[in-house]
Each structure stands twice: as C-alpha cells, then as structure tokens.
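Chemist: Sharing a structure here in structure tokens format.
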Amino acid sequence: MPINHTNFVNWFRDSAPYIHAHRNKTFVICFSGEAVDEECDNLIHDFALLKSLGIRLILVHGIRLQIDQRLKQKKIIPWFNHNLRITDDSALLCVKEAAGLVRVEIEAMLSMGLANSPMAGAKIKVASGNFVIARPLGIIDGVDHQHTGKVRRIEHAAIHQQLDQDNVVLISPIGYSPTGEIFNLAAEQVATEVAIAVQAEKLILLTEENCTSQQKLIPQMTASEAEHFLHKNTNIDITQTSALNAAIQSCQQGVKRVHLINRNIEGALLLELFTRDGKGTLISSNPFEEIRPANLEDIAGILELIKPLEQQGLLVKRSREKLEIEINDYIVIQRDGLIIGCTALHQMNDKQSAEIACLAIHTDYQNSARGNSLLEHLVSKAKREKLNKLFVLSTQSMHWFIERGFQVTEIDTLPEQRKEFYNYERNSKVLCKSI
C-alpha cells in the first residue's frame, strides 16, 4: 500500500513538538504482569522507541498474574484482605520466582532493540537494583499481612545515576528492609512513589481497559475531578480505582501529568504521547484545557489561528502590532500549549457597550461548544464591567449569533467611536444584544 506523503508530513509536523518537549524528560511507566505474559513485542518496541527519542525511562512491572500461576502450580490457596495479597512464607517464594523471571524476560526483550529495523541490536542498557526500601504493611483489621509491605523510601539518587549513564531503569514490585527482609509490593504503589521521588515529568499507567464515564473515554481530568469521579462512582473496577488513586497522589505530590492508557489498544502509548488529543486519560494538577486572558506570549498562536480565517475574508486582518496594543482585550482557549480558540471584547468610550471581535476556533475543534464557552466568558466579563450592550459585526456568522440572542440592527445604532471605522466594502451585518 503506497504511503500518503501528505498525511505523513502532517503527522510528523504535528508530532515534532512532542518529540522536542519529551527529550531528556523522565517518564515512569507501570505495566501489569498480564502485559508481560501475553505477546508484548510491540509494547517493548515502543519502550525502545521512546528511549531512542531521548526519554529517560523507568519501567515498573507487575507480577500478580505470575504469582497466582505459581501458587496454583504448587496447589497453594492465595489469601487476600481488601484486595491486598497476604504474603506468607510459601507465597514469598512464588513472589521471588515471579519477580526474577519477569525481570529477566523484559531485559531480554529490551536487549533486542527494534527487530527488523535500523534499531535492531541497538543495545539498550537496562539497570535493576535495590532501589526500593520497604517496611511491613503490618496488621490491618486484625489480619497480619506478613511479607506484604509498603514503600518506605526510594533511592532516587541511585536511580538518577543510572539514568545519567543512559540506562533504562527496570524496577520490580519488590522492596528490601535495612535488615535484609524482602517484601511484596503493589506495582502501582511502587511506580507512584518512584515518580514522586525522582520528580518525573510523567507517570504512565498501562491499564487493562479505558477510564470511562457512561461508556465514553474520559480524555482528561484534574486531580480534584478524579477525586470527585471516584467518590461518585464507587462501583468501578478495583484496578481502575488503584490507577486513579495513584494518579491523584502523584499529581498532589509534584508529578505534572499522569496518563492512564489501555494497553490493549495497539499503539496507544505512542498516540497518547505524540498526538494532541491522545488515546487515554490525562490527569493533571492544572486543567489540560482552559479559557484565560491572553498575554503577549500568545500573540504568535493567535496569529496562526486567525490567519486562515483572514485569508478567507471571515475576519478582518490584524497586524502583530495591533494585537500587542489590544492584547488585554483578548481571551484564549489553550489546550496543551496550543491556542485553539480566541476572541476579544473591545470596550467603547461610552463605558456602556463593547464589541465582540475576532471570535475564532481551530478547525480541529469546531462543533464542540467551545465557541459558546468563549461567548459566555465574554458576557460574564461584560457584566462584571457593568456594560449593558454587546455588538458584533459579521459577514458570514450572523445566524450563529442570532441563535444566541443577538438581533440584526442598523449601522446607525453603533457607537460613534465604532461607526467612524465601519468598512462599507465588507458590508458587515451589525448584531446587538442587551445584557
């Protein structure tokens, strides 16, 4: 099948900012024992690809499936309390076996590089070690969890030393006490504590299914929204609950972004990291998309946004100098660093009215109510300024404004200040709304 060169060039241009932004950043990726047990060549290849792009990788793997398999082989009944494994002496032997086998398998797969590609035999170096110091979980509700533990601290300096040596750091969900004891840990907890300790840019949790609401993928949440979601949806799967709790804790303790990605979707990891809309659920301390006042740093983004509309005659051409002078009148919608919407409210000298101008939404995000959000934001701003009338001049969007309460009126109703600069060649319709 021939390559569509236009699509490839557009994709490469769109992904290039992310390649640049992720370089030399530290990502912690957590994945389950199920991911290792199945055919995971593509996933391992994606890890190798991330490493080749200059990302400092810390991989934390789970082993629950492998522990259960060994317990079954030995006809040992597993014990759990509140979904936490009770690790007695027999179970601890299975934990050691599972951790060792999975670690070796992952190291072997990473050693292959990217098979059948120029990166084959790239010799990705992998470092493992006693980076996790743990303590016993203890007795909960009268139940002694024995060798099940919790993270006491992370040897972050040792991890950074390995990353500085260009190694991928591979961490098993095993912890060690200063007295030489071994503890079985939850992989999500280890990944969370590691991400916090090393001040990772991202924590990525590869889950078994999407994070959804009413069967629809949740594209992004703030940490506080995730807390509300958990409180409201008490019946969601325990693995999703664990992932969301890990995301909330990480965001609250300094990790900028946490991604929940369904590992069963082919290429989901790369789509989440190198496309603007991603393929999973992003959880962050601050909103991924927000409406805010514009500043001088936004001018380049605004110009890029409105240029196609100016070329089509939908907007009046604005120079950079004019935008700089009027920048305090503008508000923007910013999505992951990209200006995807803007508008302006130019107050008149009469202190009673204002013009809505330069309302624009990026073509990829139209038909999504963002225009409504901008208009509502302007109306709220006008009310705070105690204005009583808004007007807009439009050549092709009249009906959009009429549907939102504006009425067509005459040019003579414009304030003198605006009437003086009316462009009769454009023959724009004048629409007004009282507030």
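Here's how to read the names in the structure tokens: chain A, B, ... by the order shown, residue numbers from 1 in each chain, ligand numbers from 1 in the order shown.
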Residues within 7 Å of region 129-131 of chain A, please, as a list in words. Count only C-alpha atoms; anything in the same chain fewer than 2 positions from it doesn't count.
Modeler: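 In the requested format, the answer is Ala127, Ile133, Ile154, Glu155, Ile159 and Tyr176 of chain A.
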Chemist: With C-alpha atoms retained, could you export that selection as a short mmCIF file (atom, residue, chain, number, x, y, z; two decimals), in the first residue's frame?
Modeler:
data_model
loop_
_atom_site.label_atom_id
_atom_site.label_comp_id
_atom_site.auth_asym_id
_atom_site.auth_seq_id
_atom_site.Cartn_x
_atom_site.Cartn_y
_atom_site.Cartn_z
CA ALA A 127 19.71 -1.43 35.13
CA ILE A 133 13.29 0.37 50.60
CA ILE A 154 13.03 5.34 47.11
CA GLU A 155 16.75 5.54 46.48
CA ILE A 159 18.08 5.82 40.05
CA TYR A 176 14.01 -4.54 50.87
#
Chemist: What's the 8 Å shell around Gly301 (chain A), counting only C-alpha atoms, without same-chain residues fewer than 4 positions away, as a PyMOL selection string?
Modeler: chain A and resi 305+338-339
Chemist: For a quick check of understanding, using only C-alpha atoms, which of A:Glu410, A:Thr395, A:His45, A:Leu84 has the smallest distance to Asn427 (chain A)?
Modeler: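 Selected residue with least distance to Asn427 (chain A): A:Thr395.
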Chemist: Could you give me, as a PyMOL selection string, the residues within 12 Å of Glu39 (chain A), counting only C-alpha atoms and dropping anything in the same chain fewer than 5 positions from it?
Modeler: chain A and resi 33-34+44-45+105-106+109+263-264+266
Chemist: So which residues touch region 248-260 of chain A within 7 Å, counting only C-alpha atoms, skipping near sequence neighbours fewer than 5 positions away, as a PDB file with C-alpha atoms, in the first residue's frame?
Modeler:
ATOM      1  CA  THR A 192       3.784   6.238  42.193  1.00  0.00           C
ATOM      2  CA  ALA A 195       7.625   9.046  40.083  1.00  0.00           C
ATOM      3  CA  ILE A 196       7.292  11.332  43.098  1.00  0.00           C
ATOM      4  CA  GLN A 199      10.286  14.194  40.205  1.00  0.00           C
ATOM      5  CA  ALA A 200       9.234  12.552  36.963  1.00  0.00           C
ATOM      6  CA  GLU A 201       7.642  14.597  34.221  1.00  0.00           C
ATOM      7  CA  LYS A 202       5.075  11.858  33.644  1.00  0.00           C
ATOM      8  CA  LEU A 203       3.714   8.747  35.301  1.00  0.00           C
ATOM      9  CA  ILE A 204       2.160   6.414  32.737  1.00  0.00           C
ATOM     10  CA  LEU A 205      -0.092   3.602  33.942  1.00  0.00           C
ATOM     11  CA  LEU A 206      -0.871   0.967  31.311  1.00  0.00           C
ATOM     12  CA  THR A 207      -4.257  -0.391  32.339  1.00  0.00           C
ATOM     13  CA  ALA A 223      -6.710  15.587  40.222  1.00  0.00           C
ATOM     14  CA  ALA A 226     -10.608  12.489  39.550  1.00  0.00           C
ATOM     15  CA  GLY A 280      -6.047   7.629  27.055  1.00  0.00           C
ATOM     16  CA  THR A 281      -6.983   9.657  30.109  1.00  0.00           C
ATOM     17  CA  LEU A 282      -4.729  12.506  31.207  1.00  0.00           C
ATOM     18  CA  ILE A 283      -4.832  13.537  34.860  1.00  0.00           C
ATOM     19  CA  SER A 284      -3.030  16.702  35.882  1.00  0.00           C
ATOM     20  CA  SER A 285      -2.902  19.190  38.717  1.00  0.00           C
TER      21      SER A 285
END
Chemist: Just list the residues in region 259-337 of chain A DSSP gives strand (DSSP E) on the backbone, as a list in words.
Modeler: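 Everything in region 259-337 of chain A that counts as strand (DSSP E) is His259, Leu260, Ile261, Asn262, Thr281, Leu282, Ile283, Ser284, Glu289, Glu290, Ile291, Arg292, Pro293, Tyr330, Ile331, Val332, Ile333, Gln334 and Arg335 of chain A.
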Chemist: Just write the chosen residues, N, CA and C atoms, as a short mmCIF file (atom, residue, chain, number, x, y, z; two decimals), in the first residue's frame.
Modeler:
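After the write, part_4.cif holds the following:
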data_model
loop_
_atom_site.label_atom_id
_atom_site.label_comp_id
_atom_site.auth_asym_id
_atom_site.auth_seq_id
_atom_site.Cartn_x
_atom_site.Cartn_y
_atom_site.Cartn_z
N HIS A 259 -0.85 9.62 32.96
CA HIS A 259 -1.62 9.11 31.83
C HIS A 259 -2.10 7.70 32.14
N LEU A 260 -3.41 7.46 31.99
CA LEU A 260 -3.99 6.13 32.11
C LEU A 260 -4.29 5.66 30.69
N ILE A 261 -3.61 4.60 30.24
CA ILE A 261 -3.69 4.17 28.85
C ILE A 261 -4.04 2.69 28.79
N ASN A 262 -5.02 2.36 27.96
CA ASN A 262 -5.41 0.97 27.76
C ASN A 262 -4.34 0.27 26.93
N THR A 281 -6.48 8.65 29.18
CA THR A 281 -6.98 9.66 30.11
C THR A 281 -5.81 10.38 30.75
N LEU A 282 -5.77 11.68 30.60
CA LEU A 282 -4.73 12.51 31.21
C LEU A 282 -5.26 13.10 32.50
N ILE A 283 -4.49 12.94 33.56
CA ILE A 283 -4.83 13.54 34.86
C ILE A 283 -3.69 14.46 35.26
N SER A 284 -4.05 15.70 35.58
CA SER A 284 -3.03 16.70 35.88
C SER A 284 -3.50 17.58 37.03
N GLU A 289 -6.98 21.90 29.41
CA GLU A 289 -7.53 22.92 28.52
C GLU A 289 -8.22 23.97 29.37
N GLU A 290 -7.95 25.23 29.08
CA GLU A 290 -8.53 26.29 29.89
C GLU A 290 -8.79 27.54 29.06
N ILE A 291 -9.77 28.30 29.51
CA ILE A 291 -10.03 29.64 28.97
C ILE A 291 -9.40 30.64 29.93
N ARG A 292 -8.61 31.55 29.38
CA ARG A 292 -7.89 32.50 30.24
C ARG A 292 -7.62 33.79 29.47
N PRO A 293 -7.28 34.87 30.18
CA PRO A 293 -6.89 36.11 29.49
C PRO A 293 -5.62 35.88 28.67
N TYR A 330 -8.20 40.46 24.82
CA TYR A 330 -8.37 39.11 24.27
C TYR A 330 -8.45 38.06 25.37
N ILE A 331 -9.19 37.01 25.06
CA ILE A 331 -9.16 35.79 25.86
C ILE A 331 -8.89 34.64 24.89
N VAL A 332 -8.29 33.57 25.40
CA VAL A 332 -7.92 32.45 24.55
C VAL A 332 -8.35 31.14 25.20
N ILE A 333 -8.51 30.12 24.37
CA ILE A 333 -8.61 28.74 24.85
C ILE A 333 -7.27 28.08 24.55
N GLN A 334 -6.60 27.63 25.59
CA GLN A 334 -5.32 26.95 25.41
C GLN A 334 -5.48 25.48 25.73
N ARG A 335 -5.03 24.64 24.82
CA ARG A 335 -5.09 23.18 25.00
C ARG A 335 -3.70 22.62 24.83
#
Chemist: As JSON, numbers by chain, which residues of region 127-339 of chain A does DSSP assign to helix (DSSP H, G or I)?
Modeler: {"A": [156, 157, 158, 159, 160, 161, 162, 163, 164, 187, 188, 189, 190, 191, 192, 193, 194, 195, 196, 197, 223, 224, 225, 226, 227, 228, 229, 230, 231, 232, 238, 239, 240, 241, 242, 243, 244, 245, 246, 247, 248, 249, 250, 251, 252, 268, 269, 270, 271, 272, 273, 274, 296, 297, 298, 299, 300, 301, 302, 303, 304, 305, 306, 307, 308, 309, 310, 311, 320, 321, 322, 323, 324, 325, 326, 327, 328, 329]}
Chemist: May I ask which of the residues A:Leu390, A:Asp277, A:Glu420, A:Asp68 is the closest one to Tyr365 (chain A), counting only C-alpha atoms?
Modeler: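 Checking each candidate against Tyr365 (chain A), we get A:Asp277 as the closest.
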Chemist: Smallest atom-to-atom distance to Lys429 (chain A): which of A:Glu416, A:Thr409, A:Leu170, A:Arg13, using only C-alpha atoms?
Modeler: A:Thr409
Chemist: Using only C-alpha atoms for the distances, tell me which of A:Gln366, A:Asn233, A:Asn24, A:Gln311 is nearest to Leu53 (chain A).
Modeler: A:Asn24
Chemist: Using only C-alpha atoms, determine which residues lie at most 10 Å from Ser434 (chain A), disregarding the query and same-chain residues fewer than 3 positions distant; provide the list as a ChimeraX atom specification.
Modeler: /A:353,387-391,405-407
Chemist: In Å, with one decimal, what is the gap from CA of Asp88 (chain A) to CA of His147 (chain A)?
Modeler: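 That distance, rounded to one decimal, is 6.0 Å.
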Chemist: Would you mind listing what lies within 10 Å of Glu304 (chain A) as a ChimeraX atom specification, with only C-alpha atoms counted and same-chain residues fewer than 3 positions away left out?
Modeler: /A:299-301,307-309,339-340,362
Chemist: Grab the residues selected above and save them as a compact mmCIF listing (two decimals), in the first residue's frame with N, CA and C atoms.
Modeler:
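Result saved to selection.txt:
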# COMPACT_ATOMS: atom_id res chain seq x y z
N ILE A 299 0.55 35.83 21.27
CA ILE A 299 0.30 36.52 20.01
C ILE A 299 0.62 35.64 18.80
N ALA A 300 1.73 34.93 18.85
CA ALA A 300 2.09 34.07 17.72
C ALA A 300 1.02 33.01 17.50
N GLY A 301 0.51 32.43 18.59
CA GLY A 301 -0.53 31.42 18.49
C GLY A 301 -1.84 31.98 17.95
N LYS A 307 -5.08 33.39 10.92
CA LYS A 307 -4.59 33.63 9.55
C LYS A 307 -5.47 32.97 8.47
N PRO A 308 -5.86 31.68 8.61
CA PRO A 308 -6.72 31.08 7.58
C PRO A 308 -8.06 31.79 7.44
N LEU A 309 -8.61 32.25 8.55
CA LEU A 309 -9.90 32.95 8.51
C LEU A 309 -9.77 34.32 7.87
N ILE A 339 -2.97 27.34 21.14
CA ILE A 339 -4.12 28.23 21.17
C ILE A 339 -5.13 27.70 20.16
N ILE A 340 -6.26 27.18 20.66
CA ILE A 340 -7.27 26.60 19.77
C ILE A 340 -8.51 27.48 19.66
N HIS A 362 -10.10 26.78 16.29
CA HIS A 362 -9.29 25.93 15.42
C HIS A 362 -10.17 24.91 14.70
Chemist: Record the distance separating CA of Asp336 (chain A) and CA of Asp46 (chain A), expressed in Å with one decimal.
Modeler: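 Atom-to-atom, CA of Asp336 (chain A) to CA of Asp46 (chain A), that is 22.8 Å.
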Chemist: For Leu230 (chain A), which of A:Asn245, A:Gln396, A:Ser52, A:Gln146 is the closest residue, counting only C-alpha atoms?
Modeler: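 Ranking A:Asn245, A:Gln396, A:Ser52, A:Gln146 by distance to Leu230 (chain A), first place goes to A:Asn245.
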Chemist: Pick the closest to Thr87 (chain A) from A:Ala48, A:Ile182, A:Val28, A:Ile265: which is it, counting only C-alpha atoms?
Modeler: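 When distances to Thr87 (chain A) are compared using only C-alpha atoms, the smallest one comes from A:Ile182.
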Chemist: Using Å and a single decimal, report how far CA of Gly341 (chain A) sits from CA of Asn372 (chain A).
Modeler: 11.1 Å
Chemist: Would you list the contacts of Gln165 (chain A) as a list in words, taking every protein, DNA or RNA residue within 12 Å and counting only C-alpha atoms, but skipping same-chain residues closer than 5 positions in sequence?
Modeler: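 The contact residues come out as Arg56, Leu57, Ile124, Lys125, Val126, Ala127, Ala158, Ile159 and His160 of chain A.
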